[in-house]
Structure formats: structure tokens, C-alpha cells
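Scroll down for the structure; my scribbles are underneath it.
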Amino acid sequence: MAELHLYDVLVRPVVSEKSNIQAEDLNQYVFEVASGANKIQIKEAVETIFDVSVTNVNTMVMPAKRGKRGRNWYVRTKQWKKAVVTLADGDSIELYNL
Amino acid sequence: MNIQTERLENHTARLTVQVDAGRFDVAKKEAARKIAKKINIPGFRRGKAPYKILANYVGEAAIIEDAAEIIANQVYPTALDESGLEPYGPAAFEDFTADPPTLIFVLPLEPEIDLGDYRSIRLDYAVPQVEDADVDKVFKELQEEHSVIEESAKPVALGDRLTVDIHAVLVEDDKDDQPETQDATVVESAEASEAGEAHSDDEHTADIDKHFDDDATVLLHRHDSVLVLSDSHPEFVPGFNDALVGATNGETREFVLPFPDDAEKYEELAGEEGKFEVTIKKIETMTLPALNDDFAARVTADEKDEDGEAKSLTLLELRMRIRENLTKDAENKAKDAYFNQVLADMVERATIAYPEVMVKEQVNSRLQYLDQELRRQGLTLDDYMRIMNKSREDLEAEHRDTAVHDLEQGLVMRQVIENEKIVVDDAAVDDEIASLVSQYGEQADSMRSLFSTPTMRQNLRSELIHRHAVDRVIAIAKGEAPELEVVEEPESEDVGVQAAEDTSVQDVELPENMGEESTQEGDVS
């Protein structure tokens with residue numbers, strides 16, 4: 001497997017009510033990341049791209065889900081990796097310009 | 001809050017209001033909250049998205065637009081108060097600039113009417129005279145109505161009733177007149193049907209088919225038309241009746257008669273010649289009843305006196321009655337015409353300024369009225385427009401002139417009512433209701449409750465006011481109007497009246513140099 005490039009680590013910012021609260025109150029920013037990325041890679045990516053210093057990275061794998069629409073129609077979501085990045089005090093990311 | 005006003009053309013004003021930035025921010029937040037409730041942003045429950053995310057999602061412009069509206073509603077009443085403008089209707093929100101937050105309204109202003117020295121209008125009022133001949137004519141008609149009709153085999157004589165086929169064409173000596181005479185056809189057939197109505201009976205208006213001579217302009221084409229050869233019925237052309245005298249039943253007469261040079265009556269046909277072809281189908285003599293009390297009794301058989309008992313009139317009474325009615329009719333007509341003339345004059349003298357909105361309203365109400373009329377005939381305005389192949393804009397343009405005319409007259413009347421302080425009190429309305437109700441006899445009580453509703457009362461009141469105003473306008477032009485009470489208002493009219501009062505109470509005519517006098521007075525004081 002080819003090495004994961006720095007700019008391929010972060011897939012998208014997660015914009016939701018919860019992530020919003022985290023950003024406002026805890027200075028934590030939520031991203032979907034490449035499923036093969038580890039915490040170190042995520043830390044490096046965020047620090048380089050947004051020019052901030054990262055104090056902590058939590059990752060989790062969000063499970064795939066299957067919902068039903070109608071009798072035999074399934075809505076599937078894929079499994080993805082989420083990273084919650086805590087920034088040092090005073091740093092912030094203008095997420096929504098991404 | 002910084003308010004600027006600016007007068008525009010068309011009697012509208014522009015109101016520019018500058019709002020504090022803080023206040024505008026509050027409005028923006030409010031607008032955002034409202035928008036957030038309506039739209040779904042993924043990741044957020046409805047109404048929970050923060051301002052920034054919402055602004056990103058729907059765009060800042062949308063929020064500003066809504067915010068402008070919100071703040072306009074808040075600011076408009078106070079801005080209006082402070083600007084001192086008197087709007088006629090709702091203002092249009094014209095523009096908004098965000099930096100600095102500035103609102104621009106355009107509002108139609110209350111119409112302004114300066115009647116000028118309307119009180120000095122003098123027009124001659126021609127008192128209509130009822131001649132004996134007019135009364136005689138009515139008698140003749142009554143006689144004919146009650147005459148004995150017998151078919152006769154004798155040749156046609158004046159006073160007979162005929163059933164005829166008429167075909168008339170225009171004699172064309174000049175081909176260049178063609179387009180003009182085309183118009184004339186329409187005119188004449190309209191006129192002819194009027195003349196025909198006088199004979200009424202069982203005539204049916206015939207279709208115009210040009211069955212011989214295709215080039216000729218058909219003036220008249222009728223089958224089984226009933227004619228009465230007498231003075232009380234109008235002839236198509238002078239000499240028409242005479243030309244038929246002596247004809248026998250079944251005979252066809254052809255003759256050419258010139259239309260007199262009376263442009264008013266015959267319009268484009270004046271001076272032209274018409275070729276008539278008349279076939280006599282039936283001759284009836286009319287034996288007129290003798291003018292005596294018996295005749296009068298017969299005519300007025302349905303007449304009732306105050307007690308409700310049958311009571312017919314004598315010939316003399318009938319004559320007086322007819323004269324009375326004719327006089328009343330003529331007076332009403334003359335009064336109407338006179339009033340219209342005076343009003344037109346007043347409109348001419350007055351300086352009227354009103355916003356375009358009022359004209360539009362007037363046009364719309366006219367079209368609405370037209371729509372109602374059409375609906376009575378089972379059509380709608382849309383159908384009408386389709387049939388006439390016109391768009392609504394066309395119709396509006398068509399009605400515009402009359403609408404402006406009506407509007408100006410209405411405004412002048414309103415101002416006259418105001419200036420002359422014409423008021424109608426409740427007692428007068430009560431009287432009017434009483435007199436209206438009395439016409440209904442047994443249903444009087446139910447009618448009374450109908451008339452006594454507030455809206456009906458209001459309608460009656462405005463009608464009475466209008467009636468008074470009409471009387472007053474007529475009185476002014478006749479120079480019989482009572483003096484106005486002088487009110488403590490520095491309005492030019494009032495000053496004028498004051499000046500006039502100083503010179504003489506009887507002489508209502510305002511002196512020519514009234515304006516100067518009043519300024520002199522101003523200088524002294």
C-alpha cells in the first residue's frame with residue numbers, strides 16, 4: 001500500500017450540532033479522516049494545513065449502518081473513521097471555508 | 001435614525017431612512033432565526049443551526065433581505081410620523097443598502113386639490129321650456145297608442161301605419177369617399193335601429209345582406225319593418241314619408257333622397273344621398289280617438305287617488321300632468337348637464353395632484369365593474385378579453401382616460417364638500433330612510449331594518465352628501481350659494497371669501513384683485 005499523503009488524511013470536516021458545540025466550548029474539531037490514517041498522521045495533517053498546534057487526537061471508527069426504506073430497499077452508510085482533534089488554547093480553525 | 005424625504009414626480013415621495021448598525025444586526029439575527037426554522041440543514045435539527053452556518057448555507061444576502069423587511073416594518077411607522085408626510089396608500093419598499101443600513105421607501109401621497117377660486121365660476125343656466133307643441137306630441141303618441149287600427153286597401157296616406165321591406169344604399173358619386181362611407185354604415189344602422197325602436201311592435205332587426213350591388217354601402221336593410229307615417233315618429237330622411245304617399249299595397253317604390261347638411265344628426269352622412277327601395281306589404285289606417293275627458297279617463301284608467309281608489313283624470317288634468325312630468329324631466333336633464341359643465345369647469349380651474357396609484361385603482365374598479373356586468377351575461381373578463389383579442393394592458397389603457405376624468409371629478413367634488421362644509425346629520429339620514437321605506441308599503445318594516453344597518457346608513461349618508469354637494473355646485477355657478485362661514489384657517493379660499501364678504505354680502509362674485517387685497521391685509525397685521 002502506497003504511503004498516505006498528508007493532504008489525503010483529512011476527508012471532510014464534520015459539521016453538525018454536536019461538532020459545533022465541541023468547537024465552541026471545547027476547542028475540539030471533528031473530521032472524517034481516511035480510514036487508514038493514524039493519530040500521528042492526523043495531528044501532522046491538521047498542524048500543517050491549518051497552521052495550529054494540536055494537543056490531542058481521538059479517533060473512532062463509525063460503524064456502517066443499514067436502514068430500510070420500504071419492503072426490500074436498504075439504505076446503507078459506509079463505515080468511516082472520525083477524528084476529534086483538540087487544539088491548543090488560542091488556536092482555532094475556520095472550518096466552514098473548507 | 002436619520003430620515004430624509006424627497007418629493008418625486010407623480011405626486012409620490014421618497015423616504016430615506018438610515019438605521020443604526022446595531023439595530024440592523026438584531027434584525028439580521030431575527031431573520032436568521034426565522035429562516036432557520038424553515039430550512040433543513042444536514043447535521044442540525046431545524047432552527048438549531050448557528051448564524052454562521054446558516055449564513056454559509058443560504059447566503060448572507062438572503063438573510064439581509066429578510067432583515068431589511070423586518071426592520072422596514074419596525075421603522076416605517078415612526079419614520080412616517082417623523083417625516084410628516086401624508087401617504088395615500090401603502091408605501092413601496094424600493095431599495096435597501098446594507099452599508100450603512102439604509103431603507104428607501106416610495107410612497108404615494110394623499111391627493112392635493114387646490115380648487116382655485118371655484119366660487120367665482122358663473123355659467124348661464126338655461127331654464128328649459130316646455131312648449132305646447134311638446135305636450136301635444138305626447139298627446140299624439142297617447143292617441144296613437146289607443147287608436148283603432150284597421151287594414152285598408154286604399155293607397156298610403158299620411159298617418160297610416162305600414163309594414164314594409166326597406167333597402168337603402170348610399171348613392172356614391174365619389175369613390176374616394178369609400179373609407180368614410182364604410183364608417184357611415186355603422187352609424188346609420190345604429191341610428192336606424194333607434195328610429196325603429198320608436199315603432200317597436202313586431203319588427204325584427206334584419207340581417208344586413210348585400211343581395212344586389214356588392215359595391216354599394218348598405219345603409220338599411222330590413223324586412224317587415226313597421227312604420228308610422230306621422231310627425232310623432234322620426235323619419236329616416238326628411239321627405240321619406242312624403243315619398244311613400246299614394247303607393248298601393250304590394251307596390252315597390254324607389255327614390256333617392258339627400259341627407260340634410262345637418263352634421264350633428266347625420267354625422268358622416270350629412271350631404272350624401274341615399275337610394276331607398278321600399279316595398280309596401282301592408283297598409284293600416286289609424287283612427288285616432290278624440291281628445292276629450294273619455295280619452296283621458298281611458299289613458300289614466302289605472303290611476304289611483306290617495307285613498308287607493310280608482311280615479312281617472314279629466315283631459316285638463318291629464319294635460320297638466322303631462323306638462324308637469326315633461327317639465328320635471330327637462331329640468332332634471334338640464335340640471336345634470338349644467339352640473340357636469342360646472343364640474344368640468346371646476347376641474348379645469350383646480351390644480352389637482354394625485355399619485356398614479358389612484359388612477360390604477362380607479363381603472364381596476366372600472367374593470368371590476370365591467371367584469372360584473374359580463375358575469376351577469378355569463379361571461380368573465382378573461383373571456384371578454386379573449387373575444388375582443390385584447391390584453392389586460394389594452395383594456396387598462398382604454399379605460400385610463402375615463403378613469404382619470406372620473407378621478408379628477410371625484411377629487412374635486414370631495415374638496416368642494418370639504419370646503420363648503422357639507423355635512424349630513426343622523427336626522428337627515430333617518431328622514432331619507434323613512435321616505436325610502438314608505439315606498440314599500442307592507443314590507444316597510446323589513447325594509448327599514450335593511451336600511452338601518454350601519455353600512456346602508458353610511459351609503460345613504462354619502463349619497464345625501466353627494467346630492468347636497470351637487471346642489472351646492474349648481475348654486476355656486478348660479479351665484480346663489482350662501483356665504484361660507486369664515487374659519488380660522490389661512491387658506492386662500494377662505495381669505496377670498498372673507499374679502500368678498502367685506503365688500504358686500506349680496507355680491508358673491510369675488511373681486512378680481514382679491515389676491516392683492518388679502519396680501520395687503522396680511523401686511524397690515
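To be explicit about the labels: the chains of the C-alpha cells are called A, B, and onward in the order shown, and within each one the residues are counted from 1, while ligands get numbers from 1 in the order they are shown.
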Taking only C-alpha atoms into account, which residues of chain B are within 10 Å of chain A, as a ChimeraX atom specification?
-> /B:41-45,48-50,52-53,56-57
Gly246 of chain B surroundings by only C-alpha atoms, 9 Å radius, close-in-sequence under 5 positions cut, as an NGL selection string | :B and (154-157)
Okay, now the selection with C-alpha atoms, as an mmCIF file, in the first residue's frame?
data_model
loop_
_atom_site.group_PDB
_atom_site.id
_atom_site.type_symbol
_atom_site.label_atom_id
_atom_site.label_comp_id
_atom_site.auth_asym_id
_atom_site.auth_seq_id
_atom_site.Cartn_x
_atom_site.Cartn_y
_atom_site.Cartn_z
ATOM 1 C CA LYS B 154 -106.561 52.402 -50.085
ATOM 2 C CA PRO B 155 -103.301 53.971 -51.153
ATOM 3 C CA VAL B 156 -100.900 55.173 -48.483
ATOM 4 C CA ALA B 157 -101.754 58.421 -46.768
#
What are the DSSP strand (DSSP E or B) residues of segment 224-253 of chain B, as a list in words?
->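 For segment 224-253 of chain B, the strand (DSSP E or B) set is Asp224, Ser225, Val226, Leu227, Val228, Thr252 and Arg253 of chain B.
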Output of the above residues as a PDB file, in the first residue's frame, restricted to C-alpha atoms:
ATOM      1  CA  ASP B 224     -91.374  43.620 -42.212  1.00  0.00           C
ATOM      2  CA  SER B 225     -90.472  46.881 -40.607  1.00  0.00           C
ATOM      3  CA  VAL B 226     -93.388  48.761 -39.107  1.00  0.00           C
ATOM      4  CA  LEU B 227     -93.535  52.458 -39.897  1.00  0.00           C
ATOM      5  CA  VAL B 228     -95.999  55.063 -38.787  1.00  0.00           C
ATOM      6  CA  THR B 252     -92.304  48.860 -54.625  1.00  0.00           C
ATOM      7  CA  ARG B 253     -91.089  52.404 -54.711  1.00  0.00           C
TER       8      ARG B 253
END
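Residues of chain A carrying a DSSP assignment of helix (DSSP H, G or I), computed from the backbone, are A:Leu6, A:Tyr7, A:Asp8, A:Glu17, A:Lys18, A:Ser19, A:Asn20, A:Ile21, A:Gln22, A:Ala23, A:Glu24, A:Asp25, A:Leu26, A:Lys39, A:Ile40, A:Gln41, A:Ile42, A:Lys43, A:Glu44, A:Ala45, A:Val46, A:Glu47, A:Thr48, A:Ile49, A:Phe50, A:Leu95, A:Tyr96, A:Asn97.
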Tell me which protein, DNA and RNA residues are within 10 Å of Gln28 of chain A, counting only C-alpha atoms, leaving out same-chain ones fewer than 3 positions away, and put them as an MDAnalysis selection string.
-> chainID A and resid 19:25 54:58 83:88 92:93
Contacts of Asp25 of chain B at 12 Å (only C-alpha atoms; same-chain gap of 6+ positions) as number ranges by chain | B: 19, 31-32, 51, 63-64, 66-68, 70-71, 98-101
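Residues within 9 Å of Ala45 of chain A, counting only C-alpha atoms and excluding same-chain residues fewer than 4 positions away, are Leu6, Tyr7, Asp8, Val9, Leu10, Ile40, Gln41, Ile49 and Phe50 of chain A.
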Figure out the distance between atom CA of Lys78 of chain A and atom CA of Arg66 of chain A, please, to one decimal in Å.
->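 According to the coordinates, atom CA of Arg66 of chain A and atom CA of Lys78 of chain A are separated by 9.0 Å.
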Record the distance separating atom CA of Met320 of chain B and atom CA of Lys333 of chain B, expressed in Å with one decimal.
->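 Between atom CA of Met320 of chain B and atom CA of Lys333 of chain B the gap is 19.8 Å.
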For each of A:Ser53, A:Pro13, A:Ala64, A:Leu4, take the minimum atom-to-atom distance to Glu94 of chain A, counting only C-alpha atoms, then give the residue where this is smallest.
->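 Comparing A:Ser53, A:Pro13, A:Ala64, A:Leu4 against Glu94 of chain A, the winner is A:Pro13.
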d(atom CA of Met60 of chain A, atom CA of Lys82 of chain A) in Å =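 Going from atom CA of Met60 of chain A over to atom CA of Lys82 of chain A, I get 5.3 Å.
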Neighbour list for Ala296 of chain B as a PDB file with all heavy atoms, in the first residue's frame, cut-off 10 Å, only C-alpha atoms, skip fewer than 2 positions in-chain:
ATOM      1  N   PHE B 139     -99.418  63.871 -26.430  1.00  0.00           N
ATOM      2  CA  PHE B 139    -100.827  63.525 -26.650  1.00  0.00           C
ATOM      3  C   PHE B 139    -100.993  62.695 -27.902  1.00  0.00           C
ATOM      4  O   PHE B 139    -101.712  61.705 -27.924  1.00  0.00           O
ATOM      5  CB  PHE B 139    -101.676  64.802 -26.767  1.00  0.00           C
ATOM      6  CG  PHE B 139    -102.353  65.139 -25.465  1.00  0.00           C
ATOM      7  CD1 PHE B 139    -102.004  66.264 -24.747  1.00  0.00           C
ATOM      8  CD2 PHE B 139    -103.331  64.301 -24.960  1.00  0.00           C
ATOM      9  CE1 PHE B 139    -102.609  66.550 -23.549  1.00  0.00           C
ATOM     10  CE2 PHE B 139    -103.948  64.594 -23.765  1.00  0.00           C
ATOM     11  CZ  PHE B 139    -103.583  65.718 -23.057  1.00  0.00           C
ATOM     12  N   LEU B 142     -99.983  59.267 -27.276  1.00  0.00           N
ATOM     13  CA  LEU B 142    -101.001  58.572 -26.494  1.00  0.00           C
ATOM     14  C   LEU B 142    -102.172  58.182 -27.384  1.00  0.00           C
ATOM     15  O   LEU B 142    -102.695  57.071 -27.307  1.00  0.00           O
ATOM     16  CB  LEU B 142    -101.510  59.478 -25.370  1.00  0.00           C
ATOM     17  CG  LEU B 142    -100.684  59.490 -24.091  1.00  0.00           C
ATOM     18  CD1 LEU B 142    -101.242  60.495 -23.119  1.00  0.00           C
ATOM     19  CD2 LEU B 142    -100.670  58.112 -23.464  1.00  0.00           C
ATOM     20  N   GLN B 143    -102.539  59.127 -28.252  1.00  0.00           N
ATOM     21  CA  GLN B 143    -103.651  58.852 -29.172  1.00  0.00           C
ATOM     22  C   GLN B 143    -103.328  57.658 -30.052  1.00  0.00           C
ATOM     23  O   GLN B 143    -104.155  56.773 -30.249  1.00  0.00           O
ATOM     24  CB  GLN B 143    -103.906  60.075 -30.057  1.00  0.00           C
ATOM     25  CG  GLN B 143    -104.833  61.093 -29.420  1.00  0.00           C
ATOM     26  CD  GLN B 143    -105.032  62.272 -30.340  1.00  0.00           C
ATOM     27  OE1 GLN B 143    -104.059  62.890 -30.749  1.00  0.00           O
ATOM     28  NE2 GLN B 143    -106.275  62.566 -30.668  1.00  0.00           N
ATOM     29  N   ALA B 290    -110.769  60.778 -30.206  1.00  0.00           N
ATOM     30  CA  ALA B 290    -110.949  62.225 -29.998  1.00  0.00           C
ATOM     31  C   ALA B 290    -110.362  62.605 -28.648  1.00  0.00           C
ATOM     32  O   ALA B 290    -110.363  61.810 -27.705  1.00  0.00           O
ATOM     33  CB  ALA B 290    -112.421  62.578 -30.054  1.00  0.00           C
ATOM     34  N   LEU B 291    -109.817  63.802 -28.570  1.00  0.00           N
ATOM     35  CA  LEU B 291    -109.251  64.270 -27.308  1.00  0.00           C
ATOM     36  C   LEU B 291    -110.358  64.809 -26.436  1.00  0.00           C
ATOM     37  O   LEU B 291    -110.810  65.936 -26.618  1.00  0.00           O
ATOM     38  CB  LEU B 291    -108.213  65.365 -27.573  1.00  0.00           C
ATOM     39  CG  LEU B 291    -106.874  64.912 -28.143  1.00  0.00           C
ATOM     40  CD1 LEU B 291    -106.003  66.103 -28.429  1.00  0.00           C
ATOM     41  CD2 LEU B 291    -106.188  63.988 -27.163  1.00  0.00           C
ATOM     42  N   ASN B 292    -110.831  64.023 -25.527  1.00  0.00           N
ATOM     43  CA  ASN B 292    -111.853  64.505 -24.586  1.00  0.00           C
ATOM     44  C   ASN B 292    -111.654  63.804 -23.256  1.00  0.00           C
ATOM     45  O   ASN B 292    -110.715  63.031 -23.082  1.00  0.00           O
ATOM     46  CB  ASN B 292    -113.252  64.258 -25.155  1.00  0.00           C
ATOM     47  CG  ASN B 292    -113.429  62.798 -25.573  1.00  0.00           C
ATOM     48  OD1 ASN B 292    -112.782  61.912 -25.028  1.00  0.00           O
ATOM     49  ND2 ASN B 292    -114.296  62.573 -26.551  1.00  0.00           N
ATOM     50  N   ASP B 293    -112.548  64.069 -22.327  1.00  0.00           N
ATOM     51  CA  ASP B 293    -112.394  63.500 -20.989  1.00  0.00           C
ATOM     52  C   ASP B 293    -112.440  61.979 -21.007  1.00  0.00           C
ATOM     53  O   ASP B 293    -111.763  61.319 -20.220  1.00  0.00           O
ATOM     54  CB  ASP B 293    -113.481  64.031 -20.053  1.00  0.00           C
ATOM     55  CG  ASP B 293    -113.183  65.469 -19.661  1.00  0.00           C
ATOM     56  OD1 ASP B 293    -112.085  65.949 -20.009  1.00  0.00           O
ATOM     57  OD2 ASP B 293    -114.027  66.097 -19.019  1.00  0.00           O
ATOM     58  N   ASP B 294    -113.223  61.436 -21.933  1.00  0.00           N
ATOM     59  CA  ASP B 294    -113.296  59.977 -22.031  1.00  0.00           C
ATOM     60  C   ASP B 294    -111.933  59.393 -22.337  1.00  0.00           C
ATOM     61  O   ASP B 294    -111.506  58.411 -21.729  1.00  0.00           O
ATOM     62  CB  ASP B 294    -114.270  59.566 -23.154  1.00  0.00           C
ATOM     63  CG  ASP B 294    -115.696  59.729 -22.684  1.00  0.00           C
ATOM     64  OD1 ASP B 294    -115.863  59.913 -21.454  1.00  0.00           O
ATOM     65  OD2 ASP B 294    -116.606  59.681 -23.525  1.00  0.00           O
ATOM     66  N   ARG B 298    -109.626  56.933 -20.157  1.00  0.00           N
ATOM     67  CA  ARG B 298    -109.145  55.645 -20.634  1.00  0.00           C
ATOM     68  C   ARG B 298    -107.623  55.526 -20.421  1.00  0.00           C
ATOM     69  O   ARG B 298    -107.113  54.507 -19.978  1.00  0.00           O
ATOM     70  CB  ARG B 298    -109.484  55.499 -22.129  1.00  0.00           C
ATOM     71  CG  ARG B 298    -109.422  54.095 -22.647  1.00  0.00           C
ATOM     72  CD  ARG B 298    -110.587  53.784 -23.573  1.00  0.00           C
ATOM     73  NE  ARG B 298    -110.640  54.710 -24.706  1.00  0.00           N
ATOM     74  CZ  ARG B 298    -109.987  54.482 -25.856  1.00  0.00           C
ATOM     75  NH1 ARG B 298    -109.268  53.401 -26.012  1.00  0.00           N
ATOM     76  NH2 ARG B 298    -110.080  55.341 -26.846  1.00  0.00           N
ATOM     77  N   VAL B 299    -106.944  56.616 -20.758  1.00  0.00           N
ATOM     78  CA  VAL B 299    -105.495  56.602 -20.624  1.00  0.00           C
ATOM     79  C   VAL B 299    -105.080  56.417 -19.177  1.00  0.00           C
ATOM     80  O   VAL B 299    -104.130  55.713 -18.857  1.00  0.00           O
ATOM     81  CB  VAL B 299    -104.898  57.909 -21.187  1.00  0.00           C
ATOM     82  CG1 VAL B 299    -103.419  58.000 -20.862  1.00  0.00           C
ATOM     83  CG2 VAL B 299    -105.127  57.978 -22.674  1.00  0.00           C
ATOM     84  N   THR B 300    -105.807  57.064 -18.284  1.00  0.00           N
ATOM     85  CA  THR B 300    -105.418  57.051 -16.876  1.00  0.00           C
ATOM     86  C   THR B 300    -106.279  56.099 -16.073  1.00  0.00           C
ATOM     87  O   THR B 300    -106.533  56.317 -14.898  1.00  0.00           O
ATOM     88  CB  THR B 300    -105.533  58.464 -16.295  1.00  0.00           C
ATOM     89  OG1 THR B 300    -106.892  58.890 -16.460  1.00  0.00           O
ATOM     90  CG2 THR B 300    -104.602  59.422 -16.988  1.00  0.00           C
ATOM     91  N   ALA B 301    -106.728  55.024 -16.690  1.00  0.00           N
ATOM     92  CA  ALA B 301    -107.643  54.093 -16.023  1.00  0.00           C
ATOM     93  C   ALA B 301    -107.013  53.471 -14.777  1.00  0.00           C
ATOM     94  O   ALA B 301    -107.697  53.162 -13.809  1.00  0.00           O
ATOM     95  CB  ALA B 301    -108.071  53.000 -16.991  1.00  0.00           C
ATOM     96  N   SER B 312    -109.813  58.366 -12.350  1.00  0.00           N
ATOM     97  CA  SER B 312    -109.191  58.788 -13.602  1.00  0.00           C
ATOM     98  C   SER B 312    -109.223  60.309 -13.701  1.00  0.00           C
ATOM     99  O   SER B 312    -109.953  60.985 -12.984  1.00  0.00           O
ATOM    100  CB  SER B 312    -109.902  58.145 -14.778  1.00  0.00           C
ATOM    101  OG  SER B 312    -111.292  58.265 -14.610  1.00  0.00           O
ATOM    102  N   LEU B 313    -108.402  60.792 -14.593  1.00  0.00           N
ATOM    103  CA  LEU B 313    -108.219  62.228 -14.708  1.00  0.00           C
ATOM    104  C   LEU B 313    -109.065  62.774 -15.854  1.00  0.00           C
ATOM    105  O   LEU B 313    -109.404  62.057 -16.789  1.00  0.00           O
ATOM    106  CB  LEU B 313    -106.751  62.552 -14.983  1.00  0.00           C
ATOM    107  CG  LEU B 313    -105.742  62.063 -13.956  1.00  0.00           C
ATOM    108  CD1 LEU B 313    -104.340  62.307 -14.454  1.00  0.00           C
ATOM    109  CD2 LEU B 313    -105.968  62.755 -12.625  1.00  0.00           C
ATOM    110  N   THR B 314    -109.377  64.046 -15.753  1.00  0.00           N
ATOM    111  CA  THR B 314    -110.029  64.699 -16.885  1.00  0.00           C
ATOM    112  C   THR B 314    -108.948  65.103 -17.872  1.00  0.00           C
ATOM    113  O   THR B 314    -107.753  65.018 -17.572  1.00  0.00           O
ATOM    114  CB  THR B 314    -110.790  65.954 -16.422  1.00  0.00           C
ATOM    115  OG1 THR B 314    -109.820  66.858 -15.914  1.00  0.00           O
ATOM    116  CG2 THR B 314    -111.800  65.620 -15.351  1.00  0.00           C
ATOM    117  N   LEU B 315    -109.402  65.537 -19.042  1.00  0.00           N
ATOM    118  CA  LEU B 315    -108.447  65.900 -20.083  1.00  0.00           C
ATOM    119  C   LEU B 315    -107.522  67.012 -19.616  1.00  0.00           C
ATOM    120  O   LEU B 315    -106.310  66.972 -19.833  1.00  0.00           O
ATOM    121  CB  LEU B 315    -109.199  66.341 -21.346  1.00  0.00           C
ATOM    122  CG  LEU B 315    -108.322  66.550 -22.574  1.00  0.00           C
ATOM    123  CD1 LEU B 315    -107.615  65.288 -22.960  1.00  0.00           C
ATOM    124  CD2 LEU B 315    -109.165  67.073 -23.726  1.00  0.00           C
ATOM    125  N   LEU B 316    -108.103  67.996 -18.946  1.00  0.00           N
ATOM    126  CA  LEU B 316    -107.305  69.134 -18.480  1.00  0.00           C
ATOM    127  C   LEU B 316    -106.258  68.675 -17.459  1.00  0.00           C
ATOM    128  O   LEU B 316    -105.090  69.061 -17.517  1.00  0.00           O
ATOM    129  CB  LEU B 316    -108.227  70.192 -17.862  1.00  0.00           C
ATOM    130  CG  LEU B 316    -107.539  71.507 -17.535  1.00  0.00           C
ATOM    131  CD1 LEU B 316    -107.017  72.169 -18.790  1.00  0.00           C
ATOM    132  CD2 LEU B 316    -108.473  72.429 -16.782  1.00  0.00           C
ATOM    133  N   GLU B 317    -106.712  67.804 -16.560  1.00  0.00           N
ATOM    134  CA  GLU B 317    -105.790  67.303 -15.536  1.00  0.00           C
ATOM    135  C   GLU B 317    -104.655  66.517 -16.168  1.00  0.00           C
ATOM    136  O   GLU B 317    -103.502  66.631 -15.771  1.00  0.00           O
ATOM    137  CB  GLU B 317    -106.540  66.412 -14.540  1.00  0.00           C
ATOM    138  CG  GLU B 317    -107.306  67.205 -13.512  1.00  0.00           C
ATOM    139  CD  GLU B 317    -108.224  66.316 -12.690  1.00  0.00           C
ATOM    140  OE1 GLU B 317    -108.528  65.199 -13.136  1.00  0.00           O
ATOM    141  OE2 GLU B 317    -108.621  66.754 -11.621  1.00  0.00           O
ATOM    142  N   LEU B 318    -105.045  65.731 -17.172  1.00  0.00           N
ATOM    143  CA  LEU B 318    -104.048  64.926 -17.860  1.00  0.00           C
ATOM    144  C   LEU B 318    -103.023  65.828 -18.521  1.00  0.00           C
ATOM    145  O   LEU B 318    -101.816  65.589 -18.462  1.00  0.00           O
ATOM    146  CB  LEU B 318    -104.728  64.043 -18.907  1.00  0.00           C
ATOM    147  CG  LEU B 318    -103.791  63.150 -19.732  1.00  0.00           C
ATOM    148  CD1 LEU B 318    -103.071  62.159 -18.859  1.00  0.00           C
ATOM    149  CD2 LEU B 318    -104.566  62.429 -20.820  1.00  0.00           C
ATOM    150  N   ARG B 319    -103.532  66.886 -19.122  1.00  0.00           N
ATOM    151  CA  ARG B 319    -102.664  67.826 -19.804  1.00  0.00           C
ATOM    152  C   ARG B 319    -101.681  68.452 -18.819  1.00  0.00           C
ATOM    153  O   ARG B 319    -100.488  68.570 -19.076  1.00  0.00           O
ATOM    154  CB  ARG B 319    -103.510  68.919 -20.464  1.00  0.00           C
ATOM    155  CG  ARG B 319    -102.806  69.531 -21.630  1.00  0.00           C
ATOM    156  CD  ARG B 319    -103.626  70.551 -22.344  1.00  0.00           C
ATOM    157  NE  ARG B 319    -102.726  71.232 -23.229  1.00  0.00           N
ATOM    158  CZ  ARG B 319    -102.397  70.791 -24.426  1.00  0.00           C
ATOM    159  NH1 ARG B 319    -102.933  69.706 -24.892  1.00  0.00           N
ATOM    160  NH2 ARG B 319    -101.509  71.431 -25.157  1.00  0.00           N
TER     161      ARG B 319
END
